[in-house]
Amino acid sequence: MAGMPTHVITGAGSGIGAAVARRLHARGDELVLHARSAGRAKELAAEFPGARTLVGDLADPDRLSWALSHQSLPGRVDSLLHIAGVVDLGEIGELTPKTWRHQLDVNLVAPAELTRHFLPQLRASRGHVVFVNSGAGLSAHAQWGAYAASKHGLKALADALREEEHGNGVRVTSVYPGRTASPMQAKVHQQEGKDYDPGRWIDPESVATTILTALDLPRDAEVNDLTVRPGR
């Protein structure tokens, strides 16, 4: 392969996304980091010297195409890593359409739209799409209805994409982490009214290790689904 592989990453600002970006950056891979605003892009570029940035609001997937058309997209993409996500808990009897749409847009529709945009490059490189899903993408519990629906949808997106693109050499992996010590987990605990102890949950570095394992697997194999649970 000529040059180092290029990875497009959403959610690189914190948690699992930041851990993955740090690991790939440290080994000299090329990074294209998605940010929701120009200010955030500037912060990411400072944190990861040499990385390129793309700006677009995942909460407004209808405008992503317009936003990307006004920026310079990478000519080569070896992996597209969907790690950004939002969560808002609430019972079905209380959730408003706005809360449903926000989670569906960020967690499902935006990844579908970004994938559509980068598929030509991914086909050309026989690349890899990784969806960081959630345990909620496999089972839904009380108060997790909207988030789980978005993540169940993300599983369906990944499964369909895998079948559609297998003949083009594009690998597709879904990773289902259990509770991971991250700002999102702190927010969840706040919504649940519980004390947050990061030591009880998975370290983002451990999830990053599983993602890199899937990325680095030889071409004769593909990790389809990877469930990661707290080991403590």
# chains A, B, ... in the order shown; residues from 1 in each chain; ligands from 1
>>> residues_around(residues="Arg116 (chain A)", least_positions_apart="3", cutoff="12 Å", atoms="only C-alpha atoms", output="PyMOL selection string")
chain A and resi 61+64-65+68+80+109-113+119-123+129+157+161+165
>>> residues_around(residues="Leu104 (chain A)", least_positions_apart="2", cutoff="10 Å", atoms="only C-alpha atoms", output="compact mmCIF listing (two decimals) with all heavy atoms, in the first residue's frame")
# COMPACT_ATOMS: atom_id res chain seq x y z
N ALA A 59 -26.33 16.22 13.78
CA ALA A 59 -27.72 16.39 14.20
C ALA A 59 -28.58 16.94 13.07
O ALA A 59 -29.81 17.00 13.20
CB ALA A 59 -27.78 17.32 15.41
N GLY A 85 -21.90 9.73 19.07
CA GLY A 85 -23.25 9.31 19.43
C GLY A 85 -23.82 10.19 20.52
O GLY A 85 -23.07 10.88 21.23
N VAL A 86 -25.14 10.19 20.64
CA VAL A 86 -25.81 10.94 21.71
C VAL A 86 -26.81 10.02 22.40
O VAL A 86 -27.30 9.06 21.80
CB VAL A 86 -26.55 12.19 21.18
CG1 VAL A 86 -25.57 13.22 20.65
CG2 VAL A 86 -27.57 11.82 20.11
N VAL A 87 -27.08 10.31 23.67
CA VAL A 87 -28.07 9.52 24.41
C VAL A 87 -28.93 10.45 25.26
O VAL A 87 -28.42 11.38 25.89
CB VAL A 87 -27.38 8.45 25.30
CG1 VAL A 87 -26.43 9.07 26.31
CG2 VAL A 87 -28.41 7.57 26.01
N LYS A 98 -39.02 15.37 19.15
CA LYS A 98 -37.73 16.06 19.05
C LYS A 98 -36.62 15.20 19.64
O LYS A 98 -35.52 15.07 19.06
CB LYS A 98 -37.81 17.40 19.78
CG LYS A 98 -36.56 18.25 19.66
CD LYS A 98 -36.72 19.57 20.39
CE LYS A 98 -35.46 20.40 20.28
NZ LYS A 98 -35.57 21.68 21.02
N THR A 99 -36.88 14.56 20.79
CA THR A 99 -35.87 13.70 21.43
C THR A 99 -35.62 12.46 20.58
O THR A 99 -34.47 12.02 20.42
CB THR A 99 -36.34 13.29 22.84
OG1 THR A 99 -36.67 14.46 23.58
CG2 THR A 99 -35.26 12.53 23.58
N TRP A 100 -36.68 11.88 20.04
CA TRP A 100 -36.52 10.72 19.14
C TRP A 100 -35.66 11.10 17.94
O TRP A 100 -34.71 10.42 17.59
CB TRP A 100 -37.89 10.25 18.65
CG TRP A 100 -38.63 9.36 19.59
CD1 TRP A 100 -39.57 9.73 20.51
CD2 TRP A 100 -38.49 7.94 19.71
NE1 TRP A 100 -40.03 8.63 21.19
CE2 TRP A 100 -39.39 7.52 20.72
CE3 TRP A 100 -37.70 6.98 19.08
CZ2 TRP A 100 -39.52 6.18 21.10
CZ3 TRP A 100 -37.83 5.66 19.45
CH2 TRP A 100 -38.72 5.27 20.46
N ARG A 101 -36.04 12.22 17.29
CA ARG A 101 -35.35 12.60 16.04
C ARG A 101 -33.88 12.91 16.28
O ARG A 101 -33.04 12.57 15.46
CB ARG A 101 -36.04 13.81 15.40
CG ARG A 101 -37.33 13.45 14.69
CD ARG A 101 -37.81 14.56 13.78
NE ARG A 101 -39.22 14.37 13.50
CZ ARG A 101 -40.20 15.04 14.10
NH1 ARG A 101 -39.92 15.97 14.99
NH2 ARG A 101 -41.45 14.79 13.81
N HIS A 102 -33.59 13.57 17.38
CA HIS A 102 -32.19 13.95 17.64
C HIS A 102 -31.31 12.70 17.72
O HIS A 102 -30.24 12.63 17.10
CB HIS A 102 -32.10 14.75 18.94
CG HIS A 102 -30.71 15.18 19.28
ND1 HIS A 102 -29.94 15.97 18.45
CD2 HIS A 102 -29.91 14.91 20.35
CE1 HIS A 102 -28.76 16.18 18.99
NE2 HIS A 102 -28.71 15.54 20.14
N VAL A 106 -28.47 11.66 14.79
CA VAL A 106 -27.04 11.58 15.11
C VAL A 106 -26.54 10.14 15.06
O VAL A 106 -25.47 9.85 14.53
CB VAL A 106 -26.74 12.20 16.49
CG1 VAL A 106 -25.28 11.98 16.88
CG2 VAL A 106 -27.06 13.70 16.49
N ASN A 107 -27.32 9.22 15.61
CA ASN A 107 -26.85 7.84 15.80
C ASN A 107 -27.09 6.94 14.60
O ASN A 107 -26.45 5.88 14.50
CB ASN A 107 -27.53 7.21 17.02
CG ASN A 107 -27.19 7.92 18.32
OD1 ASN A 107 -26.25 8.69 18.38
ND2 ASN A 107 -27.96 7.66 19.36
N LEU A 108 -27.99 7.32 13.70
CA LEU A 108 -28.35 6.43 12.59
C LEU A 108 -28.33 7.09 11.22
O LEU A 108 -27.63 6.63 10.31
CB LEU A 108 -29.74 5.83 12.86
CG LEU A 108 -30.34 4.95 11.75
CD1 LEU A 108 -29.43 3.76 11.43
CD2 LEU A 108 -31.73 4.47 12.14
N VAL A 109 -29.08 8.18 11.06
CA VAL A 109 -29.20 8.79 9.72
C VAL A 109 -27.87 9.42 9.29
O VAL A 109 -27.44 9.25 8.14
CB VAL A 109 -30.35 9.83 9.68
CG1 VAL A 109 -30.49 10.40 8.26
CG2 VAL A 109 -31.66 9.19 10.12
N ALA A 110 -27.20 10.12 10.20
CA ALA A 110 -25.91 10.74 9.85
C ALA A 110 -24.85 9.69 9.47
O ALA A 110 -24.16 9.86 8.47
CB ALA A 110 -25.41 11.63 10.98
N ALA A 146 -35.62 5.22 22.88
CA ALA A 146 -35.21 5.98 21.69
C ALA A 146 -33.76 5.69 21.32
O ALA A 146 -33.43 5.48 20.15
CB ALA A 146 -35.41 7.48 21.93
N TYR A 147 -32.88 5.67 22.32
CA TYR A 147 -31.47 5.38 22.06
C TYR A 147 -31.32 3.96 21.50
O TYR A 147 -30.62 3.75 20.50
CB TYR A 147 -30.68 5.53 23.36
CG TYR A 147 -29.20 5.23 23.22
CD1 TYR A 147 -28.35 6.15 22.60
CD2 TYR A 147 -28.65 4.04 23.72
CE1 TYR A 147 -26.99 5.89 22.48
CE2 TYR A 147 -27.29 3.78 23.60
CZ TYR A 147 -26.47 4.70 22.98
OH TYR A 147 -25.11 4.43 22.85
N ALA A 148 -31.98 3.00 22.13
CA ALA A 148 -31.88 1.61 21.66
C ALA A 148 -32.45 1.47 20.25
O ALA A 148 -31.90 0.73 19.42
CB ALA A 148 -32.62 0.68 22.63
N ALA A 149 -33.52 2.18 19.95
CA ALA A 149 -34.09 2.13 18.60
C ALA A 149 -33.07 2.63 17.58
O ALA A 149 -32.90 2.04 16.50
CB ALA A 149 -35.36 2.97 18.53
N SER A 150 -32.37 3.71 17.92
CA SER A 150 -31.36 4.25 17.00
C SER A 150 -30.23 3.25 16.81
O SER A 150 -29.70 3.09 15.71
CB SER A 150 -30.83 5.60 17.50
OG SER A 150 -30.00 5.46 18.64
N LYS A 151 -29.86 2.55 17.88
CA LYS A 151 -28.74 1.60 17.80
C LYS A 151 -29.16 0.27 17.18
O LYS A 151 -28.35 -0.38 16.49
CB LYS A 151 -28.15 1.38 19.20
CG LYS A 151 -27.43 2.63 19.74
CD LYS A 151 -26.22 3.01 18.88
CE LYS A 151 -25.34 4.03 19.57
NZ LYS A 151 -24.09 4.31 18.80
N GLY A 153 -31.30 0.23 14.82
CA GLY A 153 -31.27 0.66 13.42
C GLY A 153 -29.85 0.65 12.86
O GLY A 153 -29.64 0.28 11.70
N LEU A 154 -28.88 1.05 13.70
CA LEU A 154 -27.49 1.07 13.26
C LEU A 154 -26.99 -0.34 12.96
O LEU A 154 -26.21 -0.55 12.03
CB LEU A 154 -26.62 1.73 14.34
CG LEU A 154 -25.21 2.12 13.91
CD1 LEU A 154 -25.24 3.24 12.86
CD2 LEU A 154 -24.37 2.56 15.11
>>> closest_residue(among="A:Asn224, A:His117, A:Ser37, A:Leu24", to="Ser69 (chain A)", atoms="only C-alpha atoms")
A:His117
>>> atom_distance(atom1="CA of Pro49 (chain A)", atom2="CA of Phe118 (chain A)")
23.2 Å
>>> select_by_dssp(residues="chain A", states="helix (DSSP H, G or I)", output="ChimeraX atom specification")
/A:15-26,38-47,61-69,97-125,135-137,145-168,183-192,198-200,204-216
>>> closest_atom_pairs(of="region 53-115 of chain A", to="region 140-144 of chain A", cutoff="8 Å", atoms="only C-alpha atoms", output="CSV")
residue,atom,partner,partner_atom,distance
A:Asp88,CA,A:Trp144,CA,7.9
A:Leu89,CA,A:Gln143,CA,5.3
A:Gly90,CA,A:Gln143,CA,4.4
A:Glu91,CA,A:Gln143,CA,4.4
A:Ile92,CA,A:Gln143,CA,7.1
>>> write_last_selection(atoms="N, CA and C atoms", output="PDB file, in the first residue's frame")
ATOM      1  N   ASP A  88     -30.231  10.203  25.230  1.00  0.00           N
ATOM      2  CA  ASP A  88     -31.181  10.884  26.121  1.00  0.00           C
ATOM      3  C   ASP A  88     -32.165   9.840  26.609  1.00  0.00           C
ATOM      4  N   LEU A  89     -32.128   9.572  27.900  1.00  0.00           N
ATOM      5  CA  LEU A  89     -33.010   8.561  28.471  1.00  0.00           C
ATOM      6  C   LEU A  89     -34.401   9.141  28.710  1.00  0.00           C
ATOM      7  N   GLY A  90     -35.374   8.262  28.773  1.00  0.00           N
ATOM      8  CA  GLY A  90     -36.743   8.684  29.064  1.00  0.00           C
ATOM      9  C   GLY A  90     -37.712   7.576  28.730  1.00  0.00           C
ATOM     10  N   GLU A  91     -38.819   7.546  29.456  1.00  0.00           N
ATOM     11  CA  GLU A  91     -39.832   6.531  29.175  1.00  0.00           C
ATOM     12  C   GLU A  91     -40.581   6.889  27.902  1.00  0.00           C
ATOM     13  N   ILE A  92     -41.076   5.862  27.217  1.00  0.00           N
ATOM     14  CA  ILE A  92     -41.793   6.067  25.955  1.00  0.00           C
ATOM     15  C   ILE A  92     -42.952   7.044  26.152  1.00  0.00           C
TER      16      ILE A  92
END
>>> residues_around(residues="Thr6 (chain A)", least_positions_apart="4", cutoff="10 Å", atoms="only C-alpha atoms", output="PyMOL selection string")
chain A and resi 24+28-32+51+74-80+125+127
>>> atom_distance(atom1="CA of Glu192 (chain A)", atom2="CA of Ile83 (chain A)")
22.9 Å
>>> closest_residue(among="A:Gly56, A:Gly13, A:Gly193, A:Pro230", to="Ala84 (chain A)", atoms="only C-alpha atoms")
A:Gly13
>>> atom_distance(atom1="CA of Ile9 (chain A)", atom2="CA of Glu43 (chain A)")
14.9 Å
>>> select_by_dssp(residues="region 108-162 of chain A", states="strand (DSSP E or B)", output="PyMOL selection string")
chain A and resi 128-132
>>> write_last_selection(atoms="N, CA, C and O atoms", output="mmCIF file, in the first residue's frame")
data_model
loop_
_atom_site.group_PDB
_atom_site.id
_atom_site.type_symbol
_atom_site.label_atom_id
_atom_site.label_comp_id
_atom_site.auth_asym_id
_atom_site.auth_seq_id
_atom_site.Cartn_x
_atom_site.Cartn_y
_atom_site.Cartn_z
ATOM 1 N N HIS A 128 -12.763 -0.312 5.123
ATOM 2 C CA HIS A 128 -13.433 -0.891 6.286
ATOM 3 C C HIS A 128 -14.345 0.170 6.895
ATOM 4 O O HIS A 128 -13.929 1.311 7.113
ATOM 5 N N VAL A 129 -15.584 -0.200 7.186
ATOM 6 C CA VAL A 129 -16.514 0.679 7.910
ATOM 7 C C VAL A 129 -16.752 0.062 9.281
ATOM 8 O O VAL A 129 -17.131 -1.105 9.383
ATOM 9 N N VAL A 130 -16.509 0.852 10.332
ATOM 10 C CA VAL A 130 -16.725 0.372 11.697
ATOM 11 C C VAL A 130 -17.819 1.228 12.343
ATOM 12 O O VAL A 130 -17.719 2.454 12.373
ATOM 13 N N PHE A 131 -18.849 0.556 12.827
ATOM 14 C CA PHE A 131 -19.919 1.226 13.557
ATOM 15 C C PHE A 131 -19.762 0.897 15.040
ATOM 16 O O PHE A 131 -19.869 -0.266 15.427
ATOM 17 N N VAL A 132 -19.470 1.911 15.859
ATOM 18 C CA VAL A 132 -19.457 1.675 17.296
ATOM 19 C C VAL A 132 -20.902 1.781 17.766
ATOM 20 O O VAL A 132 -21.481 2.864 17.822
#
>>> residues_around(residues="Ala208 (chain A)", least_positions_apart="6", cutoff="12 Å", atoms="only C-alpha atoms", output="list in words")
Ala12, Gly15, Ile16, Gly17, Ala18, Ala19, Val20, Ala21, Arg22, Arg23, Leu24, Leu81, Ile83, Val130, Val132, Val175, Pro177, Thr180, Ile202, Ala214, Leu215 and Val228 of chain A
>>> write_last_selection(atoms="C-alpha atoms", output="PDB file, in the first residue's frame")
ATOM      1  CA  ALA A  12     -12.706  11.874  18.114  1.00  0.00           C
ATOM      2  CA  GLY A  15     -14.193   8.808  25.030  1.00  0.00           C
ATOM      3  CA  ILE A  16     -13.750   5.877  22.645  1.00  0.00           C
ATOM      4  CA  GLY A  17     -13.266   8.127  19.600  1.00  0.00           C
ATOM      5  CA  ALA A  18     -10.415  10.038  21.241  1.00  0.00           C
ATOM      6  CA  ALA A  19      -8.740   6.782  22.318  1.00  0.00           C
ATOM      7  CA  VAL A  20      -8.932   5.369  18.779  1.00  0.00           C
ATOM      8  CA  ALA A  21      -7.664   8.621  17.246  1.00  0.00           C
ATOM      9  CA  ARG A  22      -4.719   8.749  19.677  1.00  0.00           C
ATOM     10  CA  ARG A  23      -3.686   5.181  18.862  1.00  0.00           C
ATOM     11  CA  LEU A  24      -3.902   5.627  15.087  1.00  0.00           C
ATOM     12  CA  LEU A  81     -15.106   4.919  11.923  1.00  0.00           C
ATOM     13  CA  ILE A  83     -17.920   6.606  16.917  1.00  0.00           C
ATOM     14  CA  VAL A 130     -16.725   0.372  11.697  1.00  0.00           C
ATOM     15  CA  VAL A 132     -19.457   1.675  17.296  1.00  0.00           C
ATOM     16  CA  VAL A 175     -18.783  -3.137  17.930  1.00  0.00           C
ATOM     17  CA  PRO A 177     -19.477  -1.940  23.977  1.00  0.00           C
ATOM     18  CA  THR A 180     -17.618   2.612  29.005  1.00  0.00           C
ATOM     19  CA  ILE A 202     -14.705  -0.350  30.533  1.00  0.00           C
ATOM     20  CA  ALA A 214     -10.725  -5.563  13.692  1.00  0.00           C
ATOM     21  CA  LEU A 215      -9.032  -2.944  11.476  1.00  0.00           C
ATOM     22  CA  VAL A 228     -17.367  -5.947  24.662  1.00  0.00           C
TER      23      VAL A 228
END
>>> closest_residue(among="A:Leu226, A:Ala26, A:Ala35, A:Met4", to="Gly135 (chain A)", atoms="only C-alpha atoms")
A:Leu226
